[in-house]
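Trainee: Below is the structure I would like to discuss, written out as structure tokens.
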Amino acid sequence: MSAHETYLLDRAVTENSHRLDTYRAAGGYETLEKVLKDPVEPKQVIEELKDSGLRGRGGAGFPTGLKLSFMPDVEKDPRPRYLAINADESEPGTCKDRVLMREDPHGLIEGILITCWAIRAKASYVYVRGEYRHEYDRVAQALEEARAAGLVGKNVLGTDFSCEIFMHKGAGAYICGEETGLMESLEGKRGHPRPKPPFPAGFGLWGSPTTVNNVETIFNVPFIIQRGAAWYRTMGTAKSPGNFLCGISGHVERPGVYEVPLGIPARQIIEEIAGGVWKGRELKAWIPGGSSTGLMPASTIDTPMDHDSLKEAGSMLGTGAIIALDETACVVRASEVIARFYDHESCGQCSQCREGTQWLYQVFSRIEHGHGRVEDVELLESLANGMAPGKTICALADAAAIPTHAVVRHFRDELLQHVELGRCPFDGNGGEGTATRREPAGASA
Ligand SMILES: Cc1cc2nc3c(=O)[nH]c(=O)nc-3n(C[C@H](O)[C@H](O)[C@H](O)COP(=O)(O)O)c2cc1C
Ligand code: SF4
């Protein structure tokens with residue numbers, strides 16, 4: 001394996017990495033101190049982030065510096081302003097933010113404080129996936145330590161800058177990871193996404209300017225401010241600089257969360273870093289960035305893991321979470337499981353999504369369970385076309401439509417084989433380790 005520079009997980013491997021003492025011994029909070037005391041002007045922080053080319057790690061890959069620059073000038077807009085941290089991490093396959101929160105919570109807190117300084121926010125909310133109890137406790141404990149040390153709250157490090165950080169537990173709804181659903185939920189309402197515009201920078205939490213960023217995105221901030229945009233750009237590609245945390249799961253020998261540079265070929269992650277396909281089997285398919293990015297055939301694993309290359313290949317980097325399927329897995333079964341997830345998680349506000357996700361699940365289900373028709377393949381495509389892109393309030397509908405298009409494009413023969421045989425050729429085996437079977441939905445619909 002070729003060696004590459006790392007920084008995201010370097011501290012995480014030390015003993016007691018979650019404690020303030022350990023963090024400070026490794027130079028933690030020195031960047032915050034420099035920013036506040038030197039001081040580095042808020043606009044300068046944003047410019048550095050812009051120059052670095054950092055792109056959001058929550059799925060859409062939006063340039064972070066640019067997003068922060070959308071916040072209105074504090075002189076012209078006196079409303080309070082907020083930073084919301086998206087720690088909902090519910091996209092199937094994604095498990096990277098959890099490592100950062102559990103092993104290096106002070107890194108996240110320092111990132112939050114510097115970002116709040118940059119956007120002139122005096123409060124931040126960390127919205128944590130409900131199932132992440134241990135991670136929630138780790139961040140809460142770190143916050144207590146930071147508060148006691150004068151790093152959070154009034155007059156941070158004795159300066160004029162005051163900043164509170166509040167934590168909030170989700171309750172197991174994927175839709176609360178969508179940024180406007182998250183804000184509704186934080187406000188105590190049902191997590192229904194809001195139509196955009198208005199965008200959060202103009203009308204966010206409680207109607208005030210708000211920026212929503214992913215945990216890993218904000219975790220990058222102190223490194224960039226300390227080491228500079230030019231250093232950041234020595235890793236990754238010109239349009240997708242830096243390293244990212246790749247969570248790899250499924251049929252590989254060593255599933256886990258690995259730090260790799262953007263642009264690394266997926267083959268290197270699957271075959272070298274994750275130890276190759278398990279049990280000496282062949283790779284059949286892989287998902288590049290969480291379930292919404294769709295199944296790709298094994299022949300595409302030389303695709304570089306960056307935003308542009310994966311887009312060109314007809315997929316997305318998403319959350320950078322690879323799922324590998326070996327030759328014994330059934331892609332129709334995998335699609336049924338994925339469709340069931342989006343059907344269950346649709347909030348129901350838009351008819352295209354509410355009905356479309358249900359239909360996708362029913363059609364995949366009946367094909368998998370031996371009741372499919374040849375026309376179902378076209379039906380899947382036409383349903384997906386009716387749902388996305390841009391036809392609904394949020395992108396959950398896209399998240400269900402994209403994997404549908406992908407399986408029809410790359411695995412049409414396997415769909416038709418199910419129909420012709422009147423059963424799953426893999427004996428209903430979604431591949432060892434995939435979700436438990438359950439009764440088909442609407443098998444005769
Ligand atoms: C249905 C849905 C679920 C999402 N879930 C998450 C999530 O769990 N975590 C996350 O960071 N972003 C999630 N996002 C993306 C957020 O809406 C938003 O783009 C992101 O938090 C912005 O942060 P970033 O710019 O740092 O990537 C989701 C989007 C959609 C449409
Ligand atoms: S697209 Fe789906 S999840 Fe998003 S707002 Fe509409 S119904 Fe709800």
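Each chain in the structure tokens gets a letter, A, B and so on, in the order shown; residues start at 1 in every chain, and ligands are counted from 1 in the order they appear.
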Counting only C-alpha atoms and all ligand atoms, give me one row per residue of chain A with an atom at most 12 Å from an atom of ligand 2, showing the shortest contact pair and its distance in Å to one decimal, sorted by chain then residue number, as a Markdown table.
Mentor:
| residue | atom | partner | partner_atom_place_in_ligand_line | distance |
| --- | --- | --- | --- | --- |
| A:Ala173 | CA | ligand 2 | 3 (S) | 10.5 |
| A:Tyr174 | CA | ligand 2 | 3 (S) | 9.0 |
| A:Ile175 | CA | ligand 2 | 3 (S) | 6.1 |
| A:Cys176 | CA | ligand 2 | 3 (S) | 9.4 |
| A:Gly177 | CA | ligand 2 | 3 (S) | 10.5 |
| A:Glu178 | CA | ligand 2 | 4 (Fe) | 8.2 |
| A:Glu179 | CA | ligand 2 | 4 (Fe) | 10.8 |
| A:Thr180 | CA | ligand 2 | 5 (S) | 9.4 |
| A:Gly181 | CA | ligand 2 | 5 (S) | 8.2 |
| A:Leu182 | CA | ligand 2 | 5 (S) | 11.9 |
| A:Glu184 | CA | ligand 2 | 5 (S) | 11.9 |
| A:Arg190 | CA | ligand 2 | 8 (Fe) | 11.2 |
| A:Gly191 | CA | ligand 2 | 8 (Fe) | 9.0 |
| A:His192 | CA | ligand 2 | 5 (S) | 6.2 |
| A:Pro193 | CA | ligand 2 | 5 (S) | 5.0 |
| A:Arg194 | CA | ligand 2 | 5 (S) | 7.2 |
| A:Pro195 | CA | ligand 2 | 5 (S) | 7.9 |
| A:Lys196 | CA | ligand 2 | 5 (S) | 10.7 |
| A:Phe341 | CA | ligand 2 | 3 (S) | 11.7 |
| A:Tyr342 | CA | ligand 2 | 3 (S) | 8.4 |
| A:Asp343 | CA | ligand 2 | 2 (Fe) | 8.9 |
| A:His344 | CA | ligand 2 | 3 (S) | 9.8 |
| A:Glu345 | CA | ligand 2 | 3 (S) | 6.9 |
| A:Ser346 | CA | ligand 2 | 3 (S) | 4.1 |
| A:Cys347 | CA | ligand 2 | 8 (Fe) | 3.9 |
| A:Gly348 | CA | ligand 2 | 7 (S) | 4.0 |
| A:Gln349 | CA | ligand 2 | 7 (S) | 4.0 |
| A:Cys350 | CA | ligand 2 | 7 (S) | 4.0 |
| A:Ser351 | CA | ligand 2 | 7 (S) | 6.6 |
| A:Gln352 | CA | ligand 2 | 7 (S) | 7.3 |
| A:Cys353 | CA | ligand 2 | 2 (Fe) | 4.5 |
| A:Arg354 | CA | ligand 2 | 7 (S) | 5.3 |
| A:Glu355 | CA | ligand 2 | 7 (S) | 8.8 |
| A:Gly356 | CA | ligand 2 | 2 (Fe) | 9.1 |
| A:Thr357 | CA | ligand 2 | 2 (Fe) | 8.3 |
| A:Gln358 | CA | ligand 2 | 2 (Fe) | 11.0 |
| A:Gly386 | CA | ligand 2 | 1 (S) | 11.8 |
| A:Met387 | CA | ligand 2 | 1 (S) | 8.3 |
| A:Ala388 | CA | ligand 2 | 1 (S) | 8.9 |
| A:Pro389 | CA | ligand 2 | 1 (S) | 10.1 |
| A:Gly390 | CA | ligand 2 | 1 (S) | 9.1 |
| A:Lys391 | CA | ligand 2 | 1 (S) | 8.0 |
| A:Thr392 | CA | ligand 2 | 1 (S) | 4.7 |
| A:Ile393 | CA | ligand 2 | 5 (S) | 4.6 |
| A:Cys394 | CA | ligand 2 | 4 (Fe) | 4.0 |
| A:Ala395 | CA | ligand 2 | 1 (S) | 5.6 |
| A:Leu396 | CA | ligand 2 | 1 (S) | 4.8 |
| A:Ala397 | CA | ligand 2 | 1 (S) | 4.7 |
| A:Asp398 | CA | ligand 2 | 1 (S) | 7.7 |
| A:Ala399 | CA | ligand 2 | 1 (S) | 9.0 |
| A:Ala400 | CA | ligand 2 | 2 (Fe) | 9.4 |
| A:Ala401 | CA | ligand 2 | 1 (S) | 10.8 |
Trainee: Keeping only N, CA and C atoms, write the selected residues to a file as a compact mmCIF listing (two decimals), in the first residue's frame.
Mentor:
# COMPACT_ATOMS: atom_id res chain seq x y z
N ALA A 173 -34.69 9.21 13.09
CA ALA A 173 -35.30 9.50 11.78
C ALA A 173 -34.23 9.97 10.81
N TYR A 174 -34.08 9.25 9.71
CA TYR A 174 -33.08 9.61 8.69
C TYR A 174 -33.33 11.02 8.16
N ILE A 175 -34.58 11.38 8.03
CA ILE A 175 -34.93 12.67 7.43
C ILE A 175 -34.43 13.85 8.27
N CYS A 176 -34.19 13.62 9.55
CA CYS A 176 -33.67 14.70 10.40
C CYS A 176 -32.20 14.99 10.11
N GLY A 177 -31.59 14.22 9.21
CA GLY A 177 -30.23 14.54 8.75
C GLY A 177 -30.27 15.53 7.60
N GLU A 178 -31.41 15.65 6.95
CA GLU A 178 -31.55 16.67 5.90
C GLU A 178 -31.55 18.02 6.61
N GLU A 179 -30.78 18.98 6.07
CA GLU A 179 -30.48 20.16 6.90
C GLU A 179 -31.70 20.94 7.39
N THR A 180 -32.75 21.03 6.58
CA THR A 180 -33.90 21.80 7.04
C THR A 180 -34.81 20.95 7.94
N GLY A 181 -34.81 19.63 7.71
CA GLY A 181 -35.52 18.72 8.62
C GLY A 181 -34.86 18.77 9.99
N LEU A 182 -33.52 18.84 9.96
CA LEU A 182 -32.75 18.93 11.20
C LEU A 182 -33.12 20.19 11.98
N GLU A 184 -35.92 21.94 11.78
CA GLU A 184 -37.29 21.81 12.30
C GLU A 184 -37.27 20.98 13.59
N ARG A 190 -41.91 18.42 14.18
CA ARG A 190 -41.71 17.21 13.38
C ARG A 190 -40.63 17.52 12.32
N GLY A 191 -39.75 16.55 12.08
CA GLY A 191 -38.61 16.81 11.18
C GLY A 191 -38.98 16.82 9.72
N HIS A 192 -39.87 17.71 9.33
CA HIS A 192 -40.25 17.84 7.93
C HIS A 192 -39.36 18.86 7.23
N PRO A 193 -38.66 18.45 6.17
CA PRO A 193 -37.83 19.43 5.45
C PRO A 193 -38.65 20.63 4.97
N ARG A 194 -37.97 21.78 4.91
CA ARG A 194 -38.63 23.02 4.45
C ARG A 194 -38.34 23.22 2.96
N PRO A 195 -39.29 23.80 2.24
CA PRO A 195 -38.98 24.16 0.85
C PRO A 195 -37.87 25.21 0.84
N LYS A 196 -37.01 25.12 -0.17
CA LYS A 196 -35.92 26.11 -0.32
C LYS A 196 -36.06 26.76 -1.69
N PHE A 341 -35.75 0.88 2.92
CA PHE A 341 -35.26 1.94 3.82
C PHE A 341 -35.84 3.30 3.43
N TYR A 342 -35.75 3.66 2.14
CA TYR A 342 -36.22 5.00 1.75
C TYR A 342 -37.74 5.10 1.86
N ASP A 343 -38.43 4.00 1.61
CA ASP A 343 -39.89 4.00 1.80
C ASP A 343 -40.21 4.29 3.27
N HIS A 344 -39.50 3.63 4.15
CA HIS A 344 -39.76 3.79 5.58
C HIS A 344 -39.42 5.20 6.05
N GLU A 345 -38.38 5.79 5.45
CA GLU A 345 -37.89 7.08 5.97
C GLU A 345 -38.49 8.31 5.28
N SER A 346 -39.24 8.11 4.20
CA SER A 346 -39.86 9.27 3.54
C SER A 346 -40.79 9.97 4.55
N CYS A 347 -40.72 11.30 4.59
CA CYS A 347 -41.56 12.00 5.58
C CYS A 347 -42.98 12.15 5.08
N GLY A 348 -43.21 11.93 3.78
CA GLY A 348 -44.57 11.90 3.25
C GLY A 348 -45.13 13.23 2.77
N GLN A 349 -44.33 14.30 2.84
CA GLN A 349 -44.87 15.60 2.42
C GLN A 349 -45.11 15.69 0.91
N CYS A 350 -44.22 15.07 0.12
CA CYS A 350 -44.35 15.19 -1.34
C CYS A 350 -44.90 13.88 -1.90
N SER A 351 -45.91 13.99 -2.76
CA SER A 351 -46.54 12.75 -3.26
C SER A 351 -45.56 11.93 -4.09
N GLN A 352 -44.69 12.59 -4.88
CA GLN A 352 -43.73 11.83 -5.70
C GLN A 352 -42.87 10.91 -4.83
N CYS A 353 -42.49 11.42 -3.67
CA CYS A 353 -41.60 10.66 -2.79
C CYS A 353 -42.41 9.66 -1.95
N ARG A 354 -43.50 10.13 -1.38
CA ARG A 354 -44.33 9.27 -0.52
C ARG A 354 -44.80 8.04 -1.31
N GLU A 355 -45.34 8.28 -2.51
CA GLU A 355 -45.86 7.17 -3.32
C GLU A 355 -44.73 6.45 -4.04
N GLY A 356 -43.78 7.24 -4.56
CA GLY A 356 -42.71 6.66 -5.37
C GLY A 356 -41.84 5.69 -4.58
N THR A 357 -41.47 6.06 -3.35
CA THR A 357 -40.60 5.16 -2.56
C THR A 357 -41.35 3.87 -2.25
N GLN A 358 -42.66 3.99 -2.01
CA GLN A 358 -43.46 2.81 -1.70
C GLN A 358 -43.53 1.87 -2.92
N GLY A 386 -40.02 9.93 -12.32
CA GLY A 386 -41.09 10.78 -11.79
C GLY A 386 -40.76 11.39 -10.44
N MET A 387 -39.71 10.85 -9.81
CA MET A 387 -39.38 11.30 -8.44
C MET A 387 -38.27 12.34 -8.39
N ALA A 388 -37.35 12.29 -9.35
CA ALA A 388 -36.15 13.12 -9.23
C ALA A 388 -35.59 13.38 -10.63
N PRO A 389 -34.67 14.34 -10.79
CA PRO A 389 -34.18 15.24 -9.74
C PRO A 389 -35.02 16.52 -9.63
N GLY A 390 -34.93 17.10 -8.47
CA GLY A 390 -35.50 18.43 -8.24
C GLY A 390 -37.02 18.50 -8.26
N LYS A 391 -37.71 17.38 -8.08
CA LYS A 391 -39.17 17.44 -8.15
C LYS A 391 -39.82 17.47 -6.77
N THR A 392 -39.01 17.41 -5.74
CA THR A 392 -39.56 17.31 -4.38
C THR A 392 -38.91 18.35 -3.46
N ILE A 393 -39.42 18.42 -2.24
CA ILE A 393 -38.90 19.42 -1.30
C ILE A 393 -37.44 19.12 -0.95
N CYS A 394 -37.12 17.86 -0.73
CA CYS A 394 -35.72 17.55 -0.39
C CYS A 394 -35.20 16.42 -1.26
N ALA A 395 -33.96 16.05 -1.02
CA ALA A 395 -33.29 15.08 -1.90
C ALA A 395 -33.48 13.63 -1.48
N LEU A 396 -34.40 13.36 -0.54
CA LEU A 396 -34.61 11.95 -0.20
C LEU A 396 -35.16 11.19 -1.40
N ALA A 397 -36.00 11.86 -2.18
CA ALA A 397 -36.55 11.21 -3.37
C ALA A 397 -35.42 10.86 -4.34
N ASP A 398 -34.45 11.76 -4.49
CA ASP A 398 -33.28 11.47 -5.35
C ASP A 398 -32.52 10.27 -4.80
N ALA A 399 -32.42 10.24 -3.46
CA ALA A 399 -31.66 9.16 -2.82
C ALA A 399 -32.27 7.79 -3.11
N ALA A 400 -33.58 7.75 -3.35
CA ALA A 400 -34.23 6.48 -3.69
C ALA A 400 -34.18 6.24 -5.20
N ALA A 401 -34.23 7.32 -5.98
CA ALA A 401 -34.27 7.18 -7.45
C ALA A 401 -32.90 6.80 -8.02
Trainee: May I have the residues within 12 Å of Gln44 (chain A) as a ChimeraX atom specification, using only C-alpha atoms and disregarding those fewer than 2 positions away in the same chain?
Mentor: /A:35,39-42,46-51,65,68-69,114-115,117-119,225,228-229
Trainee: Output the selection as a PDB file, in the first residue's frame - N, CA, C and O atoms for each residue.
Mentor:
ATOM      1  N   VAL A  35      -6.246  32.101  16.606  1.00  0.00           N
ATOM      2  CA  VAL A  35      -7.310  32.781  15.848  1.00  0.00           C
ATOM      3  C   VAL A  35      -7.919  33.902  16.696  1.00  0.00           C
ATOM      4  O   VAL A  35      -8.130  35.022  16.211  1.00  0.00           O
ATOM      5  N   PRO A  39      -5.421  38.630  16.263  1.00  0.00           N
ATOM      6  CA  PRO A  39      -6.427  37.645  15.916  1.00  0.00           C
ATOM      7  C   PRO A  39      -6.443  37.435  14.398  1.00  0.00           C
ATOM      8  O   PRO A  39      -5.952  38.266  13.636  1.00  0.00           O
ATOM      9  N   VAL A  40      -7.047  36.336  13.964  1.00  0.00           N
ATOM     10  CA  VAL A  40      -7.283  36.111  12.530  1.00  0.00           C
ATOM     11  C   VAL A  40      -8.720  36.553  12.273  1.00  0.00           C
ATOM     12  O   VAL A  40      -9.649  36.019  12.858  1.00  0.00           O
ATOM     13  N   GLU A  41      -8.879  37.560  11.451  1.00  0.00           N
ATOM     14  CA  GLU A  41     -10.215  38.118  11.216  1.00  0.00           C
ATOM     15  C   GLU A  41     -11.165  37.051  10.662  1.00  0.00           C
ATOM     16  O   GLU A  41     -10.746  36.209   9.859  1.00  0.00           O
ATOM     17  N   PRO A  42     -12.457  37.097  11.078  1.00  0.00           N
ATOM     18  CA  PRO A  42     -13.421  36.109  10.574  1.00  0.00           C
ATOM     19  C   PRO A  42     -13.378  35.933   9.060  1.00  0.00           C
ATOM     20  O   PRO A  42     -13.369  34.811   8.555  1.00  0.00           O
ATOM     21  N   ILE A  46     -12.599  32.506   6.645  1.00  0.00           N
ATOM     22  CA  ILE A  46     -13.449  32.022   5.548  1.00  0.00           C
ATOM     23  C   ILE A  46     -12.659  31.964   4.239  1.00  0.00           C
ATOM     24  O   ILE A  46     -12.763  31.009   3.471  1.00  0.00           O
ATOM     25  N   GLU A  47     -11.813  32.991   4.006  1.00  0.00           N
ATOM     26  CA  GLU A  47     -10.995  32.999   2.774  1.00  0.00           C
ATOM     27  C   GLU A  47     -10.058  31.796   2.729  1.00  0.00           C
ATOM     28  O   GLU A  47      -9.881  31.164   1.688  1.00  0.00           O
ATOM     29  N   GLU A  48      -9.451  31.484   3.892  1.00  0.00           N
ATOM     30  CA  GLU A  48      -8.525  30.342   3.942  1.00  0.00           C
ATOM     31  C   GLU A  48      -9.268  29.050   3.617  1.00  0.00           C
ATOM     32  O   GLU A  48      -8.752  28.193   2.889  1.00  0.00           O
ATOM     33  N   LEU A  49     -10.476  28.921   4.156  1.00  0.00           N
ATOM     34  CA  LEU A  49     -11.267  27.715   3.885  1.00  0.00           C
ATOM     35  C   LEU A  49     -11.656  27.658   2.408  1.00  0.00           C
ATOM     36  O   LEU A  49     -11.643  26.597   1.785  1.00  0.00           O
ATOM     37  N   LYS A  50     -11.968  28.832   1.861  1.00  0.00           N
ATOM     38  CA  LYS A  50     -12.295  28.879   0.415  1.00  0.00           C
ATOM     39  C   LYS A  50     -11.080  28.428  -0.390  1.00  0.00           C
ATOM     40  O   LYS A  50     -11.186  27.599  -1.290  1.00  0.00           O
ATOM     41  N   ASP A  51      -9.910  28.996  -0.056  1.00  0.00           N
ATOM     42  CA  ASP A  51      -8.691  28.662  -0.809  1.00  0.00           C
ATOM     43  C   ASP A  51      -8.344  27.180  -0.697  1.00  0.00           C
ATOM     44  O   ASP A  51      -7.769  26.593  -1.609  1.00  0.00           O
ATOM     45  N   GLY A  65     -16.116  26.882   2.439  1.00  0.00           N
ATOM     46  CA  GLY A  65     -15.828  28.320   2.586  1.00  0.00           C
ATOM     47  C   GLY A  65     -16.913  29.155   1.927  1.00  0.00           C
ATOM     48  O   GLY A  65     -17.382  30.160   2.474  1.00  0.00           O
ATOM     49  N   LEU A  68     -20.025  29.240   4.067  1.00  0.00           N
ATOM     50  CA  LEU A  68     -19.901  30.150   5.217  1.00  0.00           C
ATOM     51  C   LEU A  68     -20.022  31.608   4.766  1.00  0.00           C
ATOM     52  O   LEU A  68     -20.564  32.457   5.485  1.00  0.00           O
ATOM     53  N   SER A  69     -19.540  31.889   3.546  1.00  0.00           N
ATOM     54  CA  SER A  69     -19.580  33.277   3.068  1.00  0.00           C
ATOM     55  C   SER A  69     -21.008  33.727   2.731  1.00  0.00           C
ATOM     56  O   SER A  69     -21.255  34.910   2.538  1.00  0.00           O
ATOM     57  N   ILE A 114     -13.955  27.672  16.043  1.00  0.00           N
ATOM     58  CA  ILE A 114     -13.318  28.490  14.993  1.00  0.00           C
ATOM     59  C   ILE A 114     -14.353  28.871  13.926  1.00  0.00           C
ATOM     60  O   ILE A 114     -14.378  30.007  13.441  1.00  0.00           O
ATOM     61  N   THR A 115     -15.233  27.923  13.593  1.00  0.00           N
ATOM     62  CA  THR A 115     -16.247  28.220  12.566  1.00  0.00           C
ATOM     63  C   THR A 115     -17.247  29.256  13.096  1.00  0.00           C
ATOM     64  O   THR A 115     -17.667  30.161  12.358  1.00  0.00           O
ATOM     65  N   TRP A 117     -16.602  31.571  15.228  1.00  0.00           N
ATOM     66  CA  TRP A 117     -15.878  32.843  15.152  1.00  0.00           C
ATOM     67  C   TRP A 117     -15.975  33.411  13.724  1.00  0.00           C
ATOM     68  O   TRP A 117     -16.246  34.595  13.513  1.00  0.00           O
ATOM     69  N   ALA A 118     -15.777  32.507  12.742  1.00  0.00           N
ATOM     70  CA  ALA A 118     -15.764  32.953  11.344  1.00  0.00           C
ATOM     71  C   ALA A 118     -17.112  33.508  10.909  1.00  0.00           C
ATOM     72  O   ALA A 118     -17.172  34.468  10.143  1.00  0.00           O
ATOM     73  N   ILE A 119     -18.201  32.924  11.389  1.00  0.00           N
ATOM     74  CA  ILE A 119     -19.527  33.409  10.950  1.00  0.00           C
ATOM     75  C   ILE A 119     -20.170  34.308  12.005  1.00  0.00           C
ATOM     76  O   ILE A 119     -21.330  34.676  11.883  1.00  0.00           O
ATOM     77  N   ILE A 225      -6.759  25.831   9.126  1.00  0.00           N
ATOM     78  CA  ILE A 225      -6.374  27.154   9.634  1.00  0.00           C
ATOM     79  C   ILE A 225      -4.960  27.101  10.219  1.00  0.00           C
ATOM     80  O   ILE A 225      -4.171  28.029  10.072  1.00  0.00           O
ATOM     81  N   GLY A 228      -2.679  25.722   6.821  1.00  0.00           N
ATOM     82  CA  GLY A 228      -2.824  26.529   5.601  1.00  0.00           C
ATOM     83  C   GLY A 228      -3.455  25.786   4.435  1.00  0.00           C
ATOM     84  O   GLY A 228      -3.377  24.553   4.329  1.00  0.00           O
ATOM     85  N   ALA A 229      -4.072  26.592   3.563  1.00  0.00           N
ATOM     86  CA  ALA A 229      -4.777  26.043   2.405  1.00  0.00           C
ATOM     87  C   ALA A 229      -3.813  25.305   1.465  1.00  0.00           C
ATOM     88  O   ALA A 229      -4.157  24.270   0.894  1.00  0.00           O
TER      89      ALA A 229
END
Trainee: Give me the residues of chain A that have any atom at most 7 Å from an atom of ligand 1; for each, the nearest atom pair and the distance in Å, rounded to one decimal. Use only C-alpha atoms and all ligand atoms, sort by chain and number, and format it as CSV.
Mentor:
residue,atom,partner,partner_atom_place_in_ligand_line,distance
A:Arg55,CA,ligand 1,25 (O),6.8
A:Gly56,CA,ligand 1,27 (O),3.3
A:Arg57,CA,ligand 1,27 (O),4.2
A:Gly58,CA,ligand 1,27 (O),3.3
A:Gly59,CA,ligand 1,15 (C),5.4
A:Ala60,CA,ligand 1,19 (O),5.5
A:Gly61,CA,ligand 1,27 (O),5.7
A:Phe62,CA,ligand 1,25 (O),5.3
A:Thr64,CA,ligand 1,25 (O),6.0
A:Asn86,CA,ligand 1,11 (O),4.6
A:Ala87,CA,ligand 1,9 (N),5.7
A:Asp88,CA,ligand 1,8 (O),4.1
A:Glu89,CA,ligand 1,8 (O),3.4
A:Ser90,CA,ligand 1,8 (O),4.6
A:Glu91,CA,ligand 1,8 (O),5.9
A:Tyr174,CA,ligand 1,3 (C),5.8
A:Ile175,CA,ligand 1,1 (C),4.8
A:Cys176,CA,ligand 1,3 (C),6.7
A:Gly177,CA,ligand 1,5 (N),3.4
A:Glu178,CA,ligand 1,17 (O),3.6
A:Glu179,CA,ligand 1,17 (O),3.9
A:Val212,CA,ligand 1,22 (C),5.4
A:Asn213,CA,ligand 1,23 (O),3.5
A:Asn214,CA,ligand 1,26 (O),3.8
A:Val215,CA,ligand 1,11 (O),6.5
A:Thr217,CA,ligand 1,26 (O),4.8
A:Ile218,CA,ligand 1,26 (O),6.9
A:Cys394,CA,ligand 1,31 (C),5.5
A:Ala395,CA,ligand 1,31 (C),4.0
A:Leu396,CA,ligand 1,1 (C),4.2
Trainee: What parts of region 246-402 of chain A does DSSP call strand (DSSP E)? I'd like the answer as a list in words.
Mentor: Cys246, Gly247, Ile248, Ser249, Gly250, Gly256, Val257, Tyr258, Glu259, Val260, Pro261, Leu283, Lys284, Ala285, Trp286, Ile287, Met296, Pro297, Ile322, Ile323, Ala324, Leu325 and Asp326 of chain A
Trainee: What's the separation between CA of Met71 (chain A) and CA of Glu110 (chain A), in Å to one decimal place?
Mentor: 20.2 Å
Trainee: With region 272-287 of chain A as the partner and 12 Å as the cut-off, tabulate the residues of region 53-123 of chain A that qualify, each row holding the nearest pair of atoms and their distance in Å to one decimal, using only C-alpha atoms, sorted by chain and rising number, as CSV.
Mentor:
residue,atom,partner,partner_atom,distance
A:Pro92,CA,A:Ile287,CA,10.6
A:Gly93,CA,A:Ile287,CA,9.0
A:Thr94,CA,A:Ile287,CA,11.3
Trainee: Include C-alpha atoms and write out the residues we just selected as a JSON list (two decimals), in the first residue's frame.
Mentor:
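As a result, result-v2.json now contains:
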[["chain", "number", "residue", "atom", "x", "y", "z"],
["A", 92, "PRO", "CA", -26.83, 3.30, 5.27],
["A", 93, "GLY", "CA", -23.15, 2.34, 5.17],
["A", 94, "THR", "CA", -21.96, 5.58, 6.77]]
Trainee: Do a neighbour search on region 14-21 of chain A at 7 Å with only C-alpha atoms, toss out local chain neighbours closer than 5 positions, and write the hits as JSON, numbers by chain.
Mentor: {"A": [102, 103, 104, 105, 106, 142, 145]}
Trainee: Find the residues around Arg267 (chain A) up to 9 Å (only C-alpha atoms counted), leave out those fewer than 6 positions away in its own chain, and share them as a PyMOL selection string.
Mentor: chain A and resi 276+300-304
Trainee: Just want the 7 Å neighbourhood of Lys169 (chain A), counted on only C-alpha atoms, with same-chain residues fewer than 2 positions away dropped. Output as a PDB file with N, CA and C atoms, in the first residue's frame.
Mentor:
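Below is the file out-v9.pdb, written as the result:
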ATOM      1  N   TYR A 127     -26.419  18.160  16.523  1.00  0.00           N
ATOM      2  CA  TYR A 127     -27.578  17.267  16.419  1.00  0.00           C
ATOM      3  C   TYR A 127     -27.059  15.845  16.202  1.00  0.00           C
ATOM      4  N   VAL A 128     -27.154  15.018  17.254  1.00  0.00           N
ATOM      5  CA  VAL A 128     -26.539  13.685  17.226  1.00  0.00           C
ATOM      6  C   VAL A 128     -27.590  12.603  16.990  1.00  0.00           C
ATOM      7  N   ARG A 129     -27.301  11.713  16.074  1.00  0.00           N
ATOM      8  CA  ARG A 129     -28.161  10.558  15.828  1.00  0.00           C
ATOM      9  C   ARG A 129     -28.518   9.881  17.160  1.00  0.00           C
ATOM     10  N   GLY A 130     -29.795   9.594  17.357  1.00  0.00           N
ATOM     11  CA  GLY A 130     -30.277   9.066  18.640  1.00  0.00           C
ATOM     12  C   GLY A 130     -29.582   7.792  19.082  1.00  0.00           C
ATOM     13  N   MET A 167     -26.118  20.433  22.909  1.00  0.00           N
ATOM     14  CA  MET A 167     -26.257  19.136  22.246  1.00  0.00           C
ATOM     15  C   MET A 167     -27.716  18.736  22.175  1.00  0.00           C
ATOM     16  N   ALA A 171     -34.038  11.163  17.217  1.00  0.00           N
ATOM     17  CA  ALA A 171     -34.850  10.038  17.684  1.00  0.00           C
ATOM     18  C   ALA A 171     -34.985   8.970  16.608  1.00  0.00           C
TER      19      ALA A 171
END
Trainee: I'd like the neighbourhood of His405 (chain A) as a PyMOL selection string, where a residue qualifies if any of its atoms comes within 12 Å (using only C-alpha atoms), though same-chain residues fewer than 5 positions away should be ignored.
Mentor: chain A and resi 292-296+314-315+335+360+377-389+398-400+410-412
